[in-house]
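Shown below: entry_11.txt, with compact mmCIF, C-alpha atoms.
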# COMPACT_ATOMS: atom_id res chain seq x y z
CA MET K 137 -16.62 20.16 -43.81
CA ARG K 138 -15.49 23.36 -42.22
CA ASN K 139 -18.25 23.01 -39.72
CA LEU K 140 -17.03 19.55 -38.87
CA ILE K 141 -13.48 20.74 -38.28
CA GLU K 142 -14.74 23.61 -36.18
CA PHE K 143 -16.86 21.21 -34.20
CA LEU K 144 -13.90 18.92 -33.65
CA GLN K 145 -11.70 21.79 -32.56
CA ARG K 146 -14.26 22.97 -30.10
CA TYR K 147 -14.94 19.60 -28.55
CA LEU K 148 -11.53 18.01 -28.93
CA TYR K 149 -11.00 18.26 -25.19
CA TRP K 150 -14.01 16.06 -24.54
CA LEU K 151 -12.47 13.41 -26.73
CA VAL K 152 -9.10 13.72 -25.00
CA PHE K 153 -10.83 13.58 -21.64
CA LEU K 154 -12.67 10.40 -22.48
CA VAL K 155 -9.58 8.72 -23.90
CA LEU K 156 -7.48 9.56 -20.84
CA GLU K 157 -10.17 8.42 -18.41
CA VAL K 158 -10.59 5.15 -20.25
CA VAL K 159 -6.83 4.60 -20.20
CA SER K 160 -6.70 5.27 -16.45
CA LEU K 161 -9.61 3.03 -15.60
CA LEU K 162 -8.28 0.25 -17.79
CA SER K 163 -4.92 0.40 -16.08
CA LEU K 164 -6.68 0.46 -12.70
CA ILE K 165 -8.48 -2.76 -13.52
CA ARG K 166 -5.65 -4.44 -15.37
CA TYR K 167 -3.01 -3.70 -12.81
CA ASN K 168 -5.14 -5.07 -10.07
CA SER K 169 -5.96 -8.36 -11.67
CA TYR K 170 -2.90 -9.38 -13.63
CA GLN K 171 0.77 -9.37 -12.94
CA GLY K 172 1.35 -5.68 -13.59
CA SER K 173 4.35 -4.35 -15.36
CA VAL K 174 7.29 -3.84 -13.07
CA ALA K 175 8.23 -0.58 -14.78
CA PHE K 176 5.10 1.18 -13.53
CA SER K 177 5.41 0.37 -9.88
CA THR K 178 7.72 0.96 -6.93
CA ALA K 179 9.74 -2.04 -8.09
CA ASN K 180 10.90 0.41 -10.74
CA GLU K 181 14.61 1.05 -10.22
CA ALA K 182 14.52 4.86 -9.96
CA ILE K 183 11.58 5.14 -7.58
CA GLY K 184 12.80 2.17 -5.56
CA SER K 185 16.15 3.78 -4.90
CA ALA K 186 14.56 7.12 -4.02
CA TYR K 187 12.38 5.36 -1.47
CA LYS K 188 15.41 3.52 -0.15
CA LEU K 189 17.16 6.81 0.49
CA GLY K 190 14.10 8.07 2.37
CA SER K 191 13.78 4.94 4.44
CA ASP K 192 17.50 4.88 5.24
CA VAL K 193 17.09 8.26 6.89
CA VAL K 194 14.04 7.12 8.82
CA ALA K 195 15.81 3.88 9.80
CA TYR K 196 18.33 5.94 11.72
CA PHE K 197 15.68 7.15 14.13
CA HIS K 198 14.48 3.65 14.89
CA LEU K 199 17.88 2.18 15.70
CA GLY K 200 17.20 1.96 19.44
CA GLU K 201 13.93 0.14 18.93
CA GLU K 202 15.49 -2.26 16.43
CA ASN K 203 18.33 -2.97 18.82
CA ALA K 204 15.94 -3.90 21.58
CA LYS K 205 14.08 -6.23 19.25
CA LEU K 206 17.29 -7.88 18.07
CA GLU K 207 18.42 -8.38 21.62
CA ALA K 208 15.15 -10.03 22.51
CA GLU K 209 15.47 -12.29 19.52
CA ASN K 210 19.07 -13.13 20.40
CA GLU K 211 17.98 -14.07 23.86
CA GLN K 212 15.29 -16.33 22.50
CA LEU K 213 17.68 -17.97 20.06
CA ARG K 214 20.21 -18.54 22.79
CA ARG K 215 17.56 -20.25 24.86
CA GLN K 216 16.58 -22.41 21.90
CA LEU K 217 20.19 -23.32 21.27
CA HIS K 218 20.52 -24.34 24.87
CA ASP K 219 17.41 -26.51 24.65
CA ARG K 220 18.64 -28.15 21.48
CA GLU K 221 22.01 -28.88 22.99
CA GLN K 222 20.33 -30.62 25.86
CA GLN K 223 18.13 -32.62 23.52
CA LEU K 224 21.18 -33.55 21.51
CA ARG K 225 22.96 -34.72 24.58
CA ALA K 226 19.97 -36.76 25.63
CA LEU K 227 19.77 -38.35 22.20
CA THR K 228 23.47 -39.15 21.81
CA THR K 229 23.61 -40.83 25.19
CA ARG K 230 20.95 -43.27 24.01
CA PRO K 231 22.44 -45.10 21.05
CA ASP K 232 19.23 -46.95 20.23
CA THR K 233 17.46 -43.80 18.93
CA LEU K 234 17.61 -42.33 15.41
CA PRO K 235 20.89 -40.88 14.20
CA VAL K 236 20.89 -37.15 14.93
CA ALA K 237 21.56 -36.03 11.36
CA GLU K 238 18.24 -37.37 10.15
CA VAL K 239 16.31 -35.62 12.87
CA GLU K 240 17.77 -32.27 12.08
CA THR K 241 17.49 -31.91 8.30
CA GLU K 242 13.76 -31.07 8.56
CA SER K 243 14.04 -27.34 9.12
CA ASP K 244 16.73 -26.47 6.64
CA TYR K 245 15.37 -23.23 5.20
CA ARG K 246 17.43 -20.52 3.65
CA PHE K 247 16.54 -16.89 4.30
CA VAL K 248 17.42 -13.69 2.46
CA GLN K 249 17.39 -10.63 4.71
CA ALA K 250 15.67 -7.56 3.29
CA GLN K 251 14.57 -4.12 4.41
CA VAL K 252 11.16 -2.61 3.92
CA VAL K 253 11.62 0.57 1.91
CA GLY K 254 8.02 1.52 1.26
CA MET K 255 4.62 0.45 2.48
CA THR K 256 1.04 1.58 2.72
CA LEU K 257 -1.19 0.56 5.61
CA HIS K 258 -4.62 1.99 5.06
CA ARG K 259 -5.69 1.23 1.54
CA SER K 260 -8.00 -1.64 0.71
CA ASN K 261 -5.13 -3.43 -0.94
CA ASN K 262 -1.85 -2.46 0.61
CA LEU K 263 1.50 -3.27 -0.93
CA MET K 264 5.00 -3.24 0.45
CA THR K 265 8.33 -2.69 -1.30
CA ILE K 266 11.52 -4.41 -0.11
CA ASP K 267 15.10 -3.84 -1.24
CA ARG K 268 15.93 -7.31 -2.56
CA GLY K 269 15.02 -8.61 -5.99
CA SER K 270 15.53 -11.36 -8.51
CA SER K 271 19.32 -10.87 -8.47
CA ASP K 272 19.23 -11.92 -4.80
CA GLY K 273 17.32 -15.05 -5.68
CA LEU K 274 13.81 -13.78 -5.00
CA ARG K 275 10.92 -15.02 -7.12
CA PRO K 276 7.21 -14.29 -6.97
CA GLU K 277 5.25 -16.44 -4.50
CA MET K 278 8.00 -16.73 -1.94
CA GLY K 279 7.03 -16.26 1.69
CA VAL K 280 8.13 -13.20 3.67
CA VAL K 281 8.45 -13.38 7.46
CA SER K 282 9.78 -11.19 10.25
CA SER K 283 11.09 -12.11 13.68
CA SER K 284 7.58 -11.74 15.07
CA GLY K 285 5.59 -13.58 12.42
CA VAL K 286 4.37 -13.91 8.87
CA VAL K 287 4.51 -10.72 6.78
CA GLY K 288 3.29 -11.61 3.30
CA ILE K 289 4.06 -13.09 -0.09
CA VAL K 290 6.35 -11.77 -2.85
CA TYR K 291 4.28 -10.55 -5.79
CA LEU K 292 6.59 -8.85 -8.30
CA THR K 293 10.36 -8.74 -8.55
CA SER K 294 12.73 -6.48 -10.46
CA ALA K 295 16.50 -6.89 -10.34
CA HIS K 296 16.94 -5.19 -6.95
CA TYR K 297 13.49 -4.57 -5.52
CA SER K 298 10.37 -6.59 -4.93
CA ILE K 299 6.76 -5.86 -4.17
CA VAL K 300 5.21 -7.92 -1.42
CA ILE K 301 1.51 -8.49 -0.82
CA PRO K 302 1.38 -8.17 2.96
CA LEU K 303 -1.26 -9.74 5.18
CA LEU K 304 -2.90 -6.30 5.08
CA ASN K 305 -4.31 -6.82 1.61
CA GLN K 306 -7.80 -8.01 0.87
CA ARG K 307 -6.40 -10.31 -1.78
CA SER K 308 -4.01 -12.04 0.56
CA GLN K 309 -5.24 -15.42 1.72
CA ILE K 310 -3.16 -17.55 4.01
CA SER K 311 -4.07 -20.96 5.28
CA CYS K 312 -3.42 -21.24 9.01
CA ARG K 313 -4.26 -23.37 12.02
CA LEU K 314 -4.49 -23.08 15.77
CA ARG K 315 -1.23 -24.01 17.44
CA GLY K 316 -1.41 -27.44 18.97
CA SER K 317 -4.38 -28.59 16.92
CA GLU K 318 -5.05 -29.46 13.32
CA TYR K 319 -8.12 -27.24 12.86
CA PHE K 320 -7.40 -24.81 10.07
CA GLY K 321 -8.95 -21.80 8.39
CA THR K 322 -8.15 -19.03 5.97
CA MET K 323 -6.83 -15.69 7.06
CA GLN K 324 -8.21 -12.75 5.16
CA TRP K 325 -7.82 -9.09 5.98
CA GLU K 326 -10.48 -6.40 5.91
CA ARG K 327 -9.85 -2.74 5.45
CA GLY K 328 -9.55 -0.81 8.69
CA ASP K 329 -7.15 -1.81 11.40
CA ALA K 330 -3.52 -2.38 10.44
CA ASP K 331 -2.82 -4.80 13.27
CA VAL K 332 -5.69 -7.26 13.18
CA SER K 333 -6.90 -9.73 10.58
CA TYR K 334 -9.57 -12.41 10.47
CA VAL K 335 -9.50 -16.20 10.24
CA ASN K 336 -12.60 -17.85 8.80
CA GLY K 337 -13.56 -21.47 8.64
CA ILE K 338 -12.37 -22.84 11.99
CA PRO K 339 -15.02 -25.48 12.81
CA ARG K 340 -17.23 -24.90 15.82
CA HIS K 341 -16.10 -27.99 17.65
CA ALA K 342 -12.53 -26.74 17.80
CA LYS K 343 -11.42 -25.54 21.22
CA VAL K 344 -10.37 -21.90 20.95
CA LYS K 345 -9.28 -19.57 23.73
CA LYS K 346 -8.40 -15.91 23.63
CA GLY K 347 -4.64 -15.56 23.37
CA ASP K 348 -4.16 -18.83 21.45
CA TRP K 349 -1.50 -18.71 18.80
CA VAL K 350 -2.41 -18.92 15.14
CA GLU K 351 0.32 -20.30 12.88
CA THR K 352 0.86 -21.43 9.29
CA ASN K 353 -0.10 -25.02 8.58
CA GLY K 354 2.15 -25.84 5.64
CA TYR K 355 -0.71 -26.70 3.29
CA SER K 356 0.43 -24.13 0.74
CA ASP K 357 3.95 -24.42 -0.58
CA ILE K 358 4.75 -20.84 0.40
CA PHE K 359 5.27 -21.09 4.14
CA PRO K 360 6.64 -24.02 6.11
CA GLU K 361 4.36 -25.09 8.93
CA GLY K 362 4.53 -23.61 12.40
CA ILE K 363 5.44 -20.00 11.65
CA PRO K 364 3.46 -17.76 14.01
CA VAL K 365 0.92 -15.39 12.44
CA GLY K 366 -0.72 -13.83 15.48
CA ARG K 367 -2.85 -14.41 18.57
CA VAL K 368 -6.60 -14.80 18.89
CA GLN K 369 -8.08 -11.55 20.14
CA LYS K 370 -11.80 -12.16 19.76
CA ILE K 371 -13.88 -15.22 18.94
CA GLY K 372 -16.91 -14.53 16.76
CA ASP K 373 -19.23 -16.40 14.42
CA SER K 374 -19.04 -16.54 10.66
CA ALA K 375 -21.88 -15.03 8.64
CA ASP K 376 -23.62 -18.39 8.18
CA GLY K 377 -23.07 -19.42 11.79
CA MET K 378 -21.40 -22.68 10.78
CA ALA K 379 -17.88 -21.80 11.84
CA TYR K 380 -15.86 -19.48 14.00
CA ARG K 381 -14.57 -16.19 12.77
CA LEU K 382 -11.51 -15.30 14.78
CA THR K 383 -10.14 -11.81 15.13
CA VAL K 384 -6.39 -12.20 15.24
CA LYS K 385 -3.89 -9.67 16.50
CA LEU K 386 -1.05 -9.96 14.04
CA GLY K 387 2.37 -10.81 15.38
CA ALA K 388 4.24 -8.64 12.91
CA ASP K 389 3.86 -4.94 13.70
CA PHE K 390 3.45 -3.48 10.25
CA LYS K 391 3.63 0.11 11.48
CA THR K 392 7.25 -0.23 12.54
CA LEU K 393 8.30 -3.15 10.37
CA ARG K 394 11.77 -2.72 8.86
CA ASN K 395 13.69 -5.99 8.74
CA VAL K 396 12.13 -8.98 7.05
CA SER K 397 13.39 -12.30 5.71
CA VAL K 398 12.34 -14.04 2.53
CA ILE K 399 12.26 -17.84 2.53
CA THR K 400 13.96 -18.70 -0.74
CA ASN K 401 14.20 -22.46 -0.85
CA TYR K 402 10.93 -23.72 0.48
CA THR K 403 8.92 -23.71 -2.73
CA LYS K 404 9.61 -27.13 -4.19
CA PRO K 405 9.33 -27.37 -7.97
CA GLU K 406 8.38 -31.01 -7.78
CA ARG K 407 5.41 -30.37 -5.54
CA ARG K 408 4.38 -27.35 -7.61
CA GLN K 409 4.42 -29.43 -10.79
CA LEU K 410 2.39 -32.16 -9.22
CA GLU K 411 -0.24 -29.73 -7.98
CA GLU K 412 -0.46 -27.99 -11.32
CA ARG K 413 -1.04 -31.30 -13.02
CA ALA K 414 -3.76 -32.14 -10.54
CA ASP K 415 -5.37 -28.75 -11.20
CA SER K 416 -5.36 -29.26 -14.95
CA LEU K 417 -7.02 -32.61 -14.40
CA MET K 418 -9.82 -30.91 -12.46
CA ASN K 419 -10.37 -28.44 -15.29
CA LEU K 420 -10.93 -31.09 -17.93
CA MET L 266 5.52 20.48 -9.19
CA ALA L 267 8.41 18.22 -8.27
CA LEU L 268 8.35 19.78 -4.82
CA ILE L 269 4.65 19.07 -4.26
CA LEU L 270 5.05 15.51 -5.55
CA GLY L 271 8.07 14.98 -3.29
CA VAL L 272 6.27 16.30 -0.22
CA GLN L 273 3.33 14.08 -1.06
CA LEU L 274 5.30 10.88 -1.50
CA LEU L 275 7.88 11.22 1.23
CA LEU L 276 5.78 12.95 3.88
CA LEU L 277 2.03 12.98 3.42
CA ASN L 278 1.77 9.38 2.25
CA HIS L 279 3.01 8.43 5.70
CA ILE L 280 0.24 10.23 7.52
CA HIS L 281 -2.57 7.91 8.52
CA LEU L 282 -4.87 9.92 10.74
CA PHE L 283 -7.19 7.72 12.83
CA GLY L 284 -5.86 4.76 10.93
CA TYR L 285 -7.09 5.50 7.45
CA ALA L 286 -6.99 9.11 6.32
CA THR L 287 -4.09 9.97 4.03
CA PRO L 288 -4.28 13.43 2.50
CA VAL L 289 -3.46 13.61 -1.19
CA VAL L 290 -2.61 17.12 -2.27
CA LEU L 291 -2.07 16.38 -5.95
CA ALA L 292 -5.16 18.42 -6.66
CA TYR L 293 -3.18 21.51 -5.68
CA LEU L 294 -1.40 21.14 -8.99
CA THR L 295 -4.58 21.30 -11.03
CA LEU L 296 -5.96 23.92 -8.66
CA THR L 297 -3.35 26.49 -9.63
CA MET L 298 -3.58 26.12 -13.41
CA ARG L 299 -3.89 29.49 -15.15
CA ARG L 300 -7.26 30.43 -16.46
CA GLY L 301 -7.48 30.24 -20.24
CA THR L 302 -4.92 27.45 -20.63
CA SER L 303 -5.90 25.12 -23.47
CA ARG L 304 -8.12 22.42 -22.08
CA VAL L 305 -6.31 19.64 -23.88
CA ALA L 306 -3.03 20.77 -22.31
CA MET L 307 -4.64 20.80 -18.87
CA LEU L 308 -5.99 17.30 -19.32
CA LEU L 309 -2.63 15.93 -20.40
CA TRP L 310 -0.94 17.71 -17.52
CA GLY L 311 -3.39 16.25 -15.01
CA PHE L 312 -2.95 12.82 -16.50
CA CYS L 313 0.86 13.01 -16.20
CA ILE L 314 0.70 14.16 -12.58
CA GLY L 315 -1.56 11.24 -11.78
CA LEU L 316 0.68 8.81 -13.63
CA LEU L 317 3.77 9.90 -11.70
CA TYR L 318 1.96 9.57 -8.39
CA ASP L 319 0.55 6.18 -9.29
CA MET L 320 3.92 4.83 -10.35
CA ALA L 321 5.44 5.88 -7.07
CA SER L 322 2.72 4.59 -4.79
CA ASN L 323 1.47 1.44 -6.52
CA THR L 324 -2.02 2.77 -7.12
CA MET L 325 -1.96 2.34 -10.89
CA GLY L 326 -4.90 4.21 -12.42
CA MET L 327 -6.44 5.72 -9.30
CA ALA L 328 -4.73 9.10 -9.28
CA MET L 329 -4.60 9.14 -13.08
CA ALA L 330 -8.37 8.93 -13.35
CA THR L 331 -8.94 11.42 -10.55
CA CYS L 332 -6.46 14.06 -11.71
CA THR L 333 -7.74 13.90 -15.29
CA LEU L 334 -11.28 14.39 -14.05
CA LEU L 335 -10.24 17.37 -11.94
CA ALA L 336 -8.32 18.94 -14.82
CA MET L 337 -11.53 18.62 -16.81
CA LEU L 338 -13.66 20.24 -14.11
CA GLN L 339 -11.24 22.96 -13.02
CA PRO L 340 -12.47 25.64 -15.46
CA VAL L 341 -16.06 24.97 -14.40
CA LEU L 342 -15.21 25.21 -10.70
CA LEU L 343 -13.19 28.32 -11.32
CA LYS L 344 -16.08 29.97 -13.10
CA LEU L 345 -18.31 29.05 -10.21
CA PHE L 346 -16.14 30.59 -7.52
CA ALA L 347 -14.01 33.26 -9.17
CA PRO L 348 -15.19 36.87 -8.85
CA ALA L 349 -17.02 38.11 -11.94
CA ASP L 350 -14.43 40.77 -12.76
CA ALA L 351 -11.43 38.43 -12.66
CA PRO L 352 -9.02 38.77 -15.62
CA GLU L 353 -9.16 36.14 -18.36
CA ASP L 354 -5.66 34.77 -17.75
CA MET L 355 -5.79 34.86 -13.98
CA ARG L 356 -3.70 32.38 -12.01
CA PRO L 357 -5.95 31.25 -9.19
CA THR L 358 -4.34 32.21 -5.88
CA MET L 359 -5.59 33.64 -2.65
CA ARG L 360 -4.43 37.06 -3.78
CA SER L 361 -5.88 37.09 -7.26
CA MET L 362 -9.25 35.72 -6.23
CA GLY L 363 -9.64 37.04 -2.75
CA ALA L 364 -9.44 34.87 0.34
CA ARG L 365 -13.05 33.74 0.68
CA PRO L 366 -13.75 32.66 -2.91
CA TYR L 367 -10.36 30.99 -3.13
CA LEU L 368 -10.81 28.99 0.05
CA LEU L 369 -14.24 27.80 -1.06
CA TYR L 370 -12.81 26.87 -4.43
CA ALA L 371 -9.93 24.95 -2.85
CA LEU L 372 -12.13 23.18 -0.33
CA PHE L 373 -14.56 22.09 -3.00
CA THR L 374 -11.79 20.85 -5.30
CA MET L 375 -10.14 18.86 -2.52
CA LEU L 376 -13.45 17.34 -1.47
CA LEU L 377 -14.17 16.28 -5.03
CA PHE L 378 -10.69 14.82 -5.40
CA HIS L 379 -10.90 12.71 -2.28
CA ILE L 380 -14.41 11.51 -3.00
CA VAL L 381 -13.38 10.19 -6.40
CA PHE L 382 -10.02 8.89 -5.19
CA TYR L 383 -11.36 6.90 -2.24
CA ALA L 384 -14.37 5.71 -4.19
CA LEU L 385 -12.01 4.20 -6.74
CA ASP L 386 -9.94 2.74 -3.94
CA ALA L 387 -12.83 1.07 -2.16
CA PHE L 388 -14.70 0.23 -5.37
CA THR L 389 -17.67 -1.02 -3.38
CA LEU L 390 -20.15 0.46 -0.96
CA SER L 391 -19.38 -2.06 1.73
CA ASN L 392 -17.56 -0.56 4.66
CA TRP L 393 -18.72 2.90 3.57
CA PRO L 394 -18.41 4.54 7.02
CA VAL L 395 -14.66 3.95 6.83
CA THR L 396 -14.52 5.40 3.35
CA LEU L 397 -16.56 8.44 4.41
CA MET L 398 -14.29 9.09 7.39
CA ALA L 399 -11.26 8.78 5.15
CA ILE L 400 -12.72 11.25 2.67
CA GLY L 401 -13.64 13.74 5.36
CA CYS L 402 -10.38 13.71 7.30
CA SER L 403 -8.17 13.67 4.23
CA THR L 404 -10.06 16.57 2.69
CA VAL L 405 -9.64 18.69 5.78
CA MET L 406 -5.92 17.96 5.99
CA ALA L 407 -5.33 18.55 2.30
CA PHE L 408 -7.24 21.80 2.57
CA LEU L 409 -5.08 22.94 5.47
CA PHE L 410 -2.05 22.11 3.37
CA VAL L 411 -3.31 24.32 0.55
CA VAL L 412 -3.92 27.18 2.96
CA ILE L 413 -0.42 26.88 4.38
CA VAL L 414 1.21 26.79 0.95
CA GLN L 415 -0.85 29.77 -0.15
CA LEU L 416 0.05 31.81 2.91
CA LEU L 417 3.73 30.97 2.42
CA THR L 418 3.87 31.89 -1.27
CA ASN L 419 1.84 34.96 -0.50
CA SER L 420 4.29 36.24 2.08
CA ILE L 421 7.25 35.40 -0.16
CA GLU L 422 5.72 37.38 -3.00
CA THR L 423 4.92 40.32 -0.75
CA SER L 424 8.45 40.54 0.58
CA ARG L 425 9.79 40.33 -2.97
CA GLU L 426 7.59 43.19 -4.04
CA GLN L 427 8.67 45.27 -1.08
CA LYS L 428 12.31 44.81 -2.07
CA HIS L 429 11.47 45.91 -5.61
CA SER L 430 9.72 49.03 -4.47
CA ARG L 431 12.62 49.94 -2.21
CA LYS L 432 14.97 49.85 -5.19
Exercise: express the given structure as structure tokens:
Amino acid sequence: MRNLIEFLQRYLYWLVFLVLEVVSLLSLIRYNSYQGSVAFSTANEAIGSAYKLGSDVVAYFHLGEENAKLEAENEQLRRQLHDREQQLRALTTRPDTLPVAEVETESDYRFVQAQVVGMTLHRSNNLMTIDRGSSDGLRPEMGVVSSSGVVGIVYLTSAHYSIVIPLLNQRSQISCRLRGSEYFGTMQWERGDADVSYVNGIPRHAKVKKGDWVETNGYSDIFPEGIPVGRVQKIGDSADGMAYRLTVKLGADFKTLRNVSVITNYTKPERRQLEERADSLMNL
Amino acid sequence: MALILGVQLLLLNHIHLFGYATPVVLAYLTLTMRRGTSRVAMLLWGFCIGLLYDMASNTMGMAMATCTLLAMLQPVLLKLFAPADAPEDMRPTMRSMGARPYLLYALFTMLLFHIVFYALDAFTLSNWPVTLMAIGCSTVMAFLFVVIVQLLTNSIETSREQKHSRK
């Protein structure tokens, strides 16, 4: 008996070591595959606000850059407004066309503006923290975009912060198409460069040129169709040679990304329900 | 400890040398544990450091596993590199161990840390050149960090001692 106790005392640390390692590895696996607990992530209130403080300071140094970007966007919007006004005028002068109200309700999305307060770029599975949460109307699976393109998808929300799975995550999969055609593929990132990603599954008979725009196709209920994702940088072949594998330069510059918008009213419960029912039918 | 963790999260986590090397200096905290500390205490300490880091950088489990492993191995490494006549309750620093053994000890610890950390991150052997580069660059940077911190604390201690002797 005494020997046993002595033995235990001597080798207790081995036991502790094994227990702690098992706990860590379990949490590594669990956290990565299930919806992790908000408390143990940067969506956690305390850490979130500390990061916000840090990023507020950094934001100050990027004001000039941000200004330039905003101005460019303003300019673009002004041009669009001008175009629309002309279209409107053209339509109203021809009374035999559709009433204008019906034409315009299509793109009625609501956005919530948010700031990026924390982000990694060079892990295999990067995550991003933004300073808006469920109290601002955010829910998991909402789309996140910036002025220059798609950013990612909301993954976890706490009251005031959310974690976003950006395009730079090997688990992120976004259905997209070539602008001006209906050929579509899936965008999936690979570890390495923080400004390119890859689109697989574009059929070989599709016409692709370098510099073509890649945009969302609206097949998922996360992004509306037509939001730019990036431009084709290189055209390659998929592993089995049956399709193209496009290297896409992402529109959103994740290295300097600060202001993003979350699309809060696109996900339609009715469509979601319908798709879930169809899925359950397939599993029978 | 809070200082090291703060520097890590707010500064070093934003370094991405060549696109993928981010130095993690958490191992400095296990590196400096006093010789002869109870091993259970060291393990728990390492675990907590890892937990805090993981919570703040969304890497649940990665740093926890690595820091615990290092806390386990620290006495072995120390025995390997410390001079034979070192006191039983020595706190490993450049002064107490001598520059050469200490630097070897620190380099080895950092290398080990980054190997385990990035291996857990990648979890596969695909894309291993990237992982190897990340390990190499991060280790070198983390090592430089340790040297700088050691030189700083060293000079602070020396000036303190000089003041004492003047009194």
Residues of chain L that approach chain K to 6 Å or less, counting all atoms listed in the file: could you list each one with the shortest pair of atoms and its distance in Å to one decimal, rows by chain and increasing residue number, as a tab-separated table?
residue	atom	partner	partner_atom	distance
L:Tyr285	CA	K:His258	CA	4.9
L:Arg304	CA	K:Tyr149	CA	5.9
L:Val305	CA	K:Tyr149	CA	5.1
L:Met320	CA	K:Ser177	CA	4.7
L:Ala321	CA	K:Thr178	CA	5.4
L:Asn323	CA	K:Ser177	CA	5.3
L:Met325	CA	K:Leu164	CA	5.4
L:Gly326	CA	K:Leu164	CA	4.2
L:Met329	CA	K:Ser160	CA	5.5
L:Ala330	CA	K:Ser160	CA	5.1
Shell around Val341 in chain L at 12 Å using only C-alpha atoms, local window under 4 positions removed, as a ChimeraX atom specification = /L:296,300-301,304,334-337,345-347,370,373-374
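The coordinates place CA of Ser284 in chain K at 12.7 Å from CA of Asn210 in chain K.
If all atoms listed in the file are the atoms counted, then among K:Pro302, K:Gly354, K:Gly347, K:Gly366 the closest residue to Val332 in chain K is K:Gly366.
Rounded to one decimal, CA of Ser317 in chain K and CA of Lys343 in chain K lie 8.8 Å from each other.
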re CA of Pro364 in chain K and CA of Pro339 in chain K: distance 20.1 Å
Do a neighbour search on range 290-293 of chain K at 8 Å with all atoms listed in the file, toss out local chain neighbours closer than 3 positions, and write the hits as a ChimeraX atom specification.
-> /K:171,174,179,269-270,274-280,296-301
Using all atoms listed in the file, can you list as a PyMOL selection string the residues within 9 Å of (-11.1, 39.4, -7.9)?
-> chain L and resi 347-352+360-363+366
Go ahead and find all residues with at least one atom no further than 12 Å from (-2.0, 20.9, -17.5) in the file's coordinates, using only C-alpha atoms; report them as a PyMOL selection string.
-> chain L and resi 266+292-315+332-337+339-340
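When all atoms listed in the file are used to compute distances to Leu382 in chain K, the closest of the residues K:Thr400, K:Glu361, K:Tyr334, K:Arg394 turns out to be K:Tyr334.
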8 Å contact set for Tyr383 in chain L, all atoms listed in the file, chain neighbours under 6 positions out, as a ChimeraX atom specification = /L:396,399-400
Okay, now the selection with C-alpha atoms, as a tab-separated table (two decimals), in the coordinates of the input?
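In the end it all went to out-v6.tsv:
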chain	number	residue	atom	x	y	z
L	396	THR	CA	-14.52	5.40	3.35
L	399	ALA	CA	-11.26	8.78	5.15
L	400	ILE	CA	-12.72	11.25	2.67
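Each of K:Ile266, K:Val335, K:Met418, K:Leu304 was compared to Val398 in chain K using only C-alpha atoms, and K:Ile266 turns out to be the nearest.
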